[in-house]
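Below you'll find the structure, written out as structure tokens, and then a few comments.
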Amino acid sequence: MKLRHALLIALLLTACSKATPENYAKIEAGMTREEVYAVLGKPDEVSGGGIGSLTTEAETWKGSGHTIHLRFVSGKLIARDIETTGSK
């Protein structure tokens, strides 16, 4: 019974992912991090750094079948990529 519940929860979490090609298409260069978060939610992974007021961040969203990679400079989106993963 516990295994069935765990599988159901995993399926529901995967189904709720916003890392989809449809949402990726809504993301455009120049958007702020807040605008991106309104479409994709919070990222699964974040890395970055900065010098003075110049900051760079790489953020990743993982979904069922797709992973979205975005790069921000000083809070503005400069690059985006979507990758199809093994599971669909």
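Chain identifiers are assigned as A, B, and so on, following the order in which chains appear in the structure tokens; residues are numbered from 1 within each chain, and ligands are numbered from 1 in order of appearance.
For stretch 29-31 of chain A, the set of protein, DNA and RNA residues having any atom at most 6 Å away, when counting only C-alpha atoms and skipping those fewer than 5 positions along the same chain, is A:Lys76, A:Leu77, A:Ile78.
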### Task
Would you kindly return, as a PyMOL selection string, each protein, DNA or RNA residue with an atom no farther than 12 Å from any atom of A:Ile51, considering only C-alpha atoms and excluding same-chain residues fewer than 5 positions away?
chain A and resi 56+73-74
### Message
Between atom CA of A:Phe72 and atom CA of A:Glu57, what distance in Å does the model show, to one decimal?
### Response
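Taking atom CA of A:Phe72 and atom CA of A:Glu57, their separation equals 5.1 Å.
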### Message
Env of A:Arg71: 12 Å cut, atoms = only C-alpha atoms, seq-sep filter 5 positions within chain, self excluded. Answer as number ranges by chain.
### Response
A: 27-33, 36, 43, 45-49, 55-61, 76-81
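For A:Thr84, the non-local neighbours within 8 Å, defined as residues at least 3 positions apart in the same chain or in other chains and counting only C-alpha atoms, are Gly65, His66 and Thr67 of chain A.
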### Task
Going by DSSP on the backbone, which bits of stretch 18-64 of chain A are alpha helix (DSSP H)? Write them as JSON, numbers by chain, please.
{"A": [21, 22, 23, 24, 33, 34, 35, 36, 37, 38, 39, 40]}
### Message
Using only C-alpha atoms, which protein or nucleic acid residues come within 10 Å of A:Glu34? Drop anything in the same chain fewer than 5 positions from it, and give the result as a PyMOL selection string.
### Response
chain A and resi 39-42+75-76
### Query
Quick one, how far is atom CA of A:Ile68 from atom CA of A:Ser53?
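We find that atom CA of A:Ile68 and atom CA of A:Ser53 lie 26.0 Å from each other.
If you look at atom CA of A:Leu54 and atom CA of A:Ile82, they are 25.3 Å away from each other.
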